[in-house]
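In what follows, a structure is listed as structure tokens, so that the remarks can point back to it.
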There are 2 protein chains.
Amino acid sequence: MKITSNNEDKRYMRYALNLAKRNLGNTGKNPSVGCVIVSKEKKIISAASTGLNGSPHAEKIAIEKSCADIEGATVYVTLEPCNHSGENPPCAELLVKEKISRVVISQKDDNPLVDGKGIKYLKDSDVIVDTGVLEEEANLINGGFLNRVKNGKPNINIKIASSADGKTALRDGKSKWITNDLSRNYGHRLRSTHDAILVGINTVLSDNPMLNCRLEGLQNRSPCRIILDTTLRIPEDSKIIKTAKEFNTIIFTNLNASRKKIKKLERLNVKVLRVSQLEDSYLNIDEILLEIGKAGFNNLLIEGGHTIITSFLSSEKVKLIYWFSSDKIIGGDGLSSIGNLNLQNIKEGPNLKLIEIINLNNNYLKTYEVLK
Amino acid sequence: MKITSNNEDKRYMRYALNLAKRNLGNTGKNPSVGCVIVSKEKKIISAASTGLNGSPHAEKIAIEKSCADIEGATVYVTLEPCNHSGENPPCAELLVKEKISRVVISQKDDNPLVDGKGIKYLKDSDVIVDTGVLEEEANLINGGFLNRVKNGKPNINIKIASSADGKTALRDGKSKWITNDLSRNYGHRLRSTHDAILVGINTVLSDNPMLNCRLEGLQNRSPCRIILDTTLRIPEDSKIIKTAKEFNTIIFTNLNASRKKIKKLERLNVKVLRVSQLEDSYLNIDEILLEIGKAGFNNLLIEGGHTIITSFLSSEKVKLIYWFSSDKIIGGDGLSSIGNLNLQNIKEGPNLKLIEIINLNNNYLKTYEVLK
């Protein structure tokens, strides 16, 4: 088979995308980017991901660790190189200085600080620039960052673990163990790729979870834990509060919450943020998401419960649903995965696009993109 | 890669299994068998499936249409060749007469009329016999036949079409169109591979379905339609009754059903069978299944509704669930796929093994084996 230039570009870009995925959820306010450098002789001479906490940038690491001369090389990068100085030097300048002859970019950076200026700088410096290679895949990685810098809010992903018939618990609320070990481990991996994870206070009260990533080797990639707790009911002896010195923890509560309890929680290293309450007695999700954006979180994983998931799905732009289905049937008297949506017509409801199915030892994980 | 004899056997047997699938649901009381003949020179010289309505047997067709001398050949067959004369001559004798040197059999025929006698006859005539090649796959094809001849009942498969969250209709009962065109077409294909299809009277009253196979080229493979209609409420102007001269139709009703209406339906070519009614007011499923077995149906597809599916899943040995899931979410107020099972513990419920997932243009079909 003759490999066309196009397929070759895709092949290198796919590698760069895999590198970008590697530190997703762990690059702070920066996007997680992948970079691959291919020499004039068509050899991969370097490859890198954005560093943990966001520095250095992938391009800088790749250039520095290259195993051969990079003059005249082609650089594959999953997001437009920056051209502004922040905590890191501008990558576009670096690429020009190193005499890179071509830069292939998966996705343009809409971030107002970049917004085509990186590409313009490269072109003005006589570097060949090609864009849009595997852009759709890149957007699944960059989307959270781009959404935050443009709209001030993170991308919202939902995790559901249900029986084969879509139930998340028996009618008495029992849910141990619907899914198998491998699914639960994969759930921990999902946590490691998100900047923050959100649950409602009822989940804390009923399950007393830790909400960290407990996979060997990835413990330091646990997300920030966010609890929606309208009337600040969280027990001080809950696992969440007891581990708040080890894992970042934010609690959202209403404007009337006890100042004494807030002080107490703050002393235990919990950040407590007060937001307004809506007529339906729920906390104002819009304010919450803007606060989460302000904290610099690009990707948020909603883990439950039922009411929180339904509320986000009804009112907000949810990006992905990670849906684990098990090999059990619970029956109609079990708890449904999603709450009442009061649809008059099937077309009104959320519409999904199946991106991937992974078999997890007779359980399986479906990743859906929510189209509306 | 060196192909071992074992892999070679599997390869030919897989071809034979695909041939067996071809007429599944359309071989009357006989099993649907596949047969492949491989010459001494390792060339496939013939291949056949059991004829429509069950005659001739696959082995006989394959021998007759062979394109080369079959003396010394190896015959691959998905079920033990028969050694008794019924409507068809005994295949084991035929294979010996044709001087076949080796017969590879996927599954032994437990049918009391065969039960190893075919294998014994071949071995006594100095034919090499190997059995058990891809037996598990063969059992998915032969299982209905073997179950019927041993226990007098067909294999029971269930078809479900639901939203991504496992709902089969909105709360007002609306279910058009949860799944897409391709899923619905595949549903028709499923009908063509079953001898009979069963629904409850409520499905007839609410949807007025035809329950035939409407795929181009497969219309003559429509299954017998079976309706459970306790008090014989079926309207004479329903599509089922109006097409009963074209497609076989059986109605099960209770012992008190109006004799006048029965006579009327019989004149319209409907077979009406009366069975006892249980205390819970449902018809006696055990009697129904024995009648279906007596009619010679090997594989029965249950298409609904909700109550019938739940009742079969709770009380009977269901073999497979064909579960179509769509790209829509309906929410907790929709109708659940399965009715109440009143489980105290998740382990009590049906346990599934995922056999296959097929992507149907963003819907998907999961085929589950029900393990208990």
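How things are named: the first chain in the structure tokens is A, the next is B, and so on; residues count from 1 in each chain; ligands count from 1 in the order shown.
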Enumerate the residues of stretch 20-205 of chain A with a DSSP assignment of strand (DSSP E or B), computed from the backbone, and present them as a ChimeraX atom specification.
/A:34-38,44-49,74-77,102-105,128-131,155-162,167-169,196-200
I need the chosen residues saved as a short mmCIF file (atom, residue, chain, number, x, y, z; two decimals), in the first residue's frame, with N, CA and C atoms.
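Output saved as again17.cif:
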```cif
data_model
loop_
_atom_site.label_atom_id
_atom_site.label_comp_id
_atom_site.auth_asym_id
_atom_site.auth_seq_id
_atom_site.Cartn_x
_atom_site.Cartn_y
_atom_site.Cartn_z
N GLY A 34 0.34 17.04 22.78
CA GLY A 34 1.33 16.06 22.37
C GLY A 34 2.12 16.61 21.21
N CYS A 35 3.41 16.28 21.16
CA CYS A 35 4.27 16.80 20.09
C CYS A 35 5.21 15.70 19.59
N VAL A 36 5.29 15.53 18.27
CA VAL A 36 6.17 14.53 17.67
C VAL A 36 7.03 15.24 16.63
N ILE A 37 8.33 14.98 16.67
CA ILE A 37 9.24 15.61 15.68
C ILE A 37 9.77 14.55 14.73
N VAL A 38 9.61 14.79 13.42
CA VAL A 38 10.03 13.83 12.39
C VAL A 38 11.11 14.50 11.53
N ILE A 44 11.27 9.43 13.38
CA ILE A 44 10.80 10.11 14.60
C ILE A 44 12.01 10.35 15.48
N ILE A 45 12.35 11.62 15.71
CA ILE A 45 13.55 11.90 16.49
C ILE A 45 13.22 12.46 17.88
N SER A 46 11.95 12.76 18.11
CA SER A 46 11.56 13.17 19.47
C SER A 46 10.04 13.14 19.62
N ALA A 47 9.58 13.04 20.87
CA ALA A 47 8.15 13.01 21.16
C ALA A 47 7.95 13.39 22.61
N ALA A 48 6.91 14.17 22.89
CA ALA A 48 6.71 14.60 24.28
C ALA A 48 5.26 15.00 24.55
N SER A 49 4.90 15.00 25.82
CA SER A 49 3.60 15.49 26.30
C SER A 49 3.86 16.73 27.17
N THR A 74 9.93 18.17 10.56
CA THR A 74 8.50 18.49 10.65
C THR A 74 8.04 18.24 12.08
N VAL A 75 7.27 19.19 12.62
CA VAL A 75 6.77 19.05 13.98
C VAL A 75 5.26 18.82 13.93
N TYR A 76 4.79 17.74 14.57
CA TYR A 76 3.36 17.46 14.69
C TYR A 76 2.92 17.87 16.09
N VAL A 77 1.89 18.71 16.15
CA VAL A 77 1.47 19.18 17.47
C VAL A 77 -0.07 19.23 17.51
N ARG A 102 8.48 22.62 8.77
CA ARG A 102 7.02 22.44 8.61
C ARG A 102 6.38 22.12 9.96
N VAL A 103 5.24 22.72 10.22
CA VAL A 103 4.51 22.41 11.45
C VAL A 103 3.10 21.94 11.06
N VAL A 104 2.74 20.72 11.52
CA VAL A 104 1.40 20.20 11.27
C VAL A 104 0.62 20.29 12.58
N ILE A 105 -0.52 20.99 12.51
CA ILE A 105 -1.30 21.29 13.71
C ILE A 105 -2.67 20.61 13.60
N ILE A 128 6.25 26.17 6.78
CA ILE A 128 5.04 25.62 6.17
C ILE A 128 4.11 25.16 7.30
N VAL A 129 2.85 25.57 7.24
CA VAL A 129 1.92 25.18 8.31
C VAL A 129 0.71 24.47 7.70
N ASP A 130 0.41 23.27 8.20
CA ASP A 130 -0.82 22.58 7.81
C ASP A 130 -1.65 22.35 9.06
N THR A 131 -2.97 22.58 8.92
CA THR A 131 -3.82 22.45 10.11
C THR A 131 -4.99 21.49 9.84
N ASN A 155 -15.39 21.59 30.37
CA ASN A 155 -16.21 20.56 29.73
C ASN A 155 -16.77 19.65 30.81
N ILE A 156 -18.03 19.24 30.60
CA ILE A 156 -18.69 18.40 31.59
C ILE A 156 -18.86 17.00 31.02
N ASN A 157 -18.28 16.02 31.68
CA ASN A 157 -18.48 14.62 31.31
C ASN A 157 -19.22 13.92 32.44
N ILE A 158 -20.02 12.92 32.07
CA ILE A 158 -20.79 12.20 33.08
C ILE A 158 -20.36 10.74 33.11
N LYS A 159 -20.25 10.19 34.29
CA LYS A 159 -19.97 8.76 34.41
C LYS A 159 -21.20 8.05 34.98
N ILE A 160 -21.61 6.97 34.32
CA ILE A 160 -22.74 6.18 34.81
C ILE A 160 -22.30 4.72 34.89
N ALA A 161 -22.66 4.03 35.93
CA ALA A 161 -22.39 2.58 36.02
C ALA A 161 -23.73 1.91 36.27
N SER A 162 -24.20 1.12 35.30
CA SER A 162 -25.54 0.53 35.42
C SER A 162 -25.54 -0.95 35.08
N LYS A 167 -30.18 0.16 35.02
CA LYS A 167 -30.50 0.52 36.40
C LYS A 167 -29.22 0.69 37.21
N THR A 168 -29.21 1.68 38.11
CA THR A 168 -27.99 1.92 38.88
C THR A 168 -28.05 1.37 40.30
N ALA A 169 -29.22 0.89 40.71
CA ALA A 169 -29.33 0.31 42.06
C ALA A 169 -30.63 -0.48 42.16
N ALA A 196 -11.22 17.61 37.82
CA ALA A 196 -12.08 17.63 38.99
C ALA A 196 -13.22 16.65 38.81
N ILE A 197 -13.78 16.20 39.93
CA ILE A 197 -14.86 15.23 39.95
C ILE A 197 -15.94 15.79 40.87
N LEU A 198 -17.19 15.66 40.47
CA LEU A 198 -18.27 16.30 41.23
C LEU A 198 -19.35 15.29 41.62
N VAL A 199 -19.79 15.33 42.87
CA VAL A 199 -20.95 14.54 43.30
C VAL A 199 -21.85 15.40 44.18
N GLY A 200 -23.06 14.92 44.40
CA GLY A 200 -23.98 15.60 45.31
C GLY A 200 -23.77 15.10 46.73
#
```
Quick one: contact table of chain B to chain A, 6 Å max, nearest atom pair and distance in Å to one decimal per residue, counting only C-alpha atoms, chain and number order, as a tab-separated table?
```
residue	atom	partner	partner_atom	distance
B:Asp165	CA	A:Gly166	CA	5.2
B:Gly166	CA	A:Gly166	CA	4.9
B:Asp327	CA	A:Leu352	CA	4.7
B:Lys328	CA	A:Asn351	CA	4.9
B:Ile329	CA	A:Pro350	CA	5.5
B:Gly331	CA	A:Asn340	CA	5.0
B:Gly332	CA	A:Gly339	CA	4.4
B:Asp333	CA	A:Asn340	CA	4.7
B:Ser336	CA	A:Gly332	CA	5.3
B:Ile338	CA	A:Gly331	CA	5.1
B:Gly339	CA	A:Gly332	CA	4.4
B:Asn340	CA	A:Gly332	CA	4.4
B:Leu341	CA	A:Gly331	CA	5.1
B:Gly349	CA	A:Ile329	CA	5.8
B:Pro350	CA	A:Ile329	CA	5.5
B:Asn351	CA	A:Lys328	CA	4.9
B:Leu352	CA	A:Asp327	CA	4.7
B:Leu354	CA	A:Asn362	CA	5.9
B:Asn362	CA	A:Leu354	CA	5.9
```
Store the residues of this selection in a file with N, CA and C atoms, as a compact mmCIF listing (two decimals), in the first residue's frame.
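That gives us out27.txt:
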```txt
# COMPACT_ATOMS: atom_id res chain seq x y z
N ASP B 165 -30.65 4.47 27.66
CA ASP B 165 -30.83 4.27 29.10
C ASP B 165 -31.84 3.15 29.41
N GLY B 166 -32.07 2.28 28.43
CA GLY B 166 -32.83 1.06 28.71
C GLY B 166 -34.33 1.20 28.75
N ASP B 327 -29.55 5.69 20.11
CA ASP B 327 -28.73 6.85 20.43
C ASP B 327 -29.56 7.93 21.13
N LYS B 328 -30.68 7.53 21.73
CA LYS B 328 -31.54 8.48 22.42
C LYS B 328 -31.54 8.20 23.93
N ILE B 329 -31.82 9.24 24.71
CA ILE B 329 -32.06 9.04 26.14
C ILE B 329 -33.52 9.42 26.41
N GLY B 331 -35.05 8.87 29.80
CA GLY B 331 -35.18 9.33 31.20
C GLY B 331 -36.02 8.38 32.05
N GLY B 332 -35.94 8.59 33.35
CA GLY B 332 -36.51 7.67 34.33
C GLY B 332 -38.01 7.51 34.27
N ASP B 333 -38.72 8.49 33.66
CA ASP B 333 -40.17 8.36 33.58
C ASP B 333 -40.61 7.51 32.39
N SER B 336 -39.52 0.94 31.55
CA SER B 336 -38.32 0.10 31.63
C SER B 336 -38.44 -1.10 30.70
N ILE B 338 -37.47 -4.16 31.18
CA ILE B 338 -37.85 -5.36 31.91
C ILE B 338 -38.75 -4.91 33.05
N GLY B 339 -39.75 -5.69 33.40
CA GLY B 339 -40.63 -5.32 34.51
C GLY B 339 -39.99 -5.57 35.86
N ASN B 340 -40.76 -5.41 36.91
CA ASN B 340 -40.24 -5.58 38.27
C ASN B 340 -39.76 -7.02 38.50
N LEU B 341 -38.58 -7.15 39.06
CA LEU B 341 -38.07 -8.49 39.38
C LEU B 341 -37.99 -8.70 40.89
N GLY B 349 -30.49 -11.86 40.24
CA GLY B 349 -31.06 -11.57 38.93
C GLY B 349 -30.41 -12.35 37.81
N PRO B 350 -30.97 -12.24 36.61
CA PRO B 350 -30.38 -12.91 35.46
C PRO B 350 -28.95 -12.41 35.23
N ASN B 351 -28.10 -13.32 34.89
CA ASN B 351 -26.69 -13.04 34.67
C ASN B 351 -26.39 -13.23 33.19
N LEU B 352 -25.72 -12.30 32.56
CA LEU B 352 -25.59 -12.33 31.11
C LEU B 352 -24.15 -12.53 30.68
N LEU B 354 -21.94 -11.48 27.32
CA LEU B 354 -22.00 -10.74 26.07
C LEU B 354 -21.32 -11.55 24.97
N ASN B 362 -24.74 3.77 14.58
CA ASN B 362 -24.89 4.53 15.83
C ASN B 362 -25.97 3.99 16.77
```
Using only C-alpha atoms, which residues sit within 8 Å of A:Ile100 once same-chain residues fewer than 5 positions away are excluded, as a list in words?
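The contact residues come out as Ile70, Glu71, Gly72, Ala73, Thr74, Val75, Leu95 and Val127 of chain A.
Excluding B:Val204 itself and same-chain residues fewer than 4 positions from it, the residues having an atom within 8 Å of it are Val199, Gly200, Asn208, Pro209, Ile234, Ser238 and Ile240 of chain B, counting only C-alpha atoms.
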Neighbour list for A:Lys264 as a PyMOL selection string, cut-off 12 Å, only C-alpha atoms, skip fewer than 3 positions in-chain
chain A and resi 232+234-236+241+258-261+267-272
Would you list the contacts of stretch 277-294 of chain B as an MDAnalysis selection string, taking every protein, DNA or RNA residue within 7 Å and counting only C-alpha atoms, but skipping same-chain residues closer than 6 positions in sequence?
chainID B and resid 148 152:154 230 254
If DSSP is run on the backbone, what residues of stretch 40-267 of chain A are helix (DSSP H, G or I)? A reply as a PyMOL selection string would be ideal.
chain A and resi 52-54+58-64+91-97+117-124+135-151+181-192+201-207+219-221+239-242+259-267
Would you mind listing what lies within 12 Å of A:His84 as an MDAnalysis selection string, with only C-alpha atoms counted and same-chain residues fewer than 6 positions away left out?
chainID A and resid 90:94 111:118 121
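Interatomic distance, atom CA of A:Leu273 against atom CA of A:Ser206: 22.7 Å.
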Gap from atom CA of A:Ala62 to atom CA of A:Leu218 - Å, one decimal
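Spanning atom CA of A:Ala62 to atom CA of A:Leu218 is a straight-line distance of 23.3 Å.
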So the first atom is atom CA of B:Ala58 and the second is atom CA of B:Leu190; what is the distance between them in Å, to one decimal place?
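Separation of atom CA of B:Ala58 and atom CA of B:Leu190: 22.2 Å.
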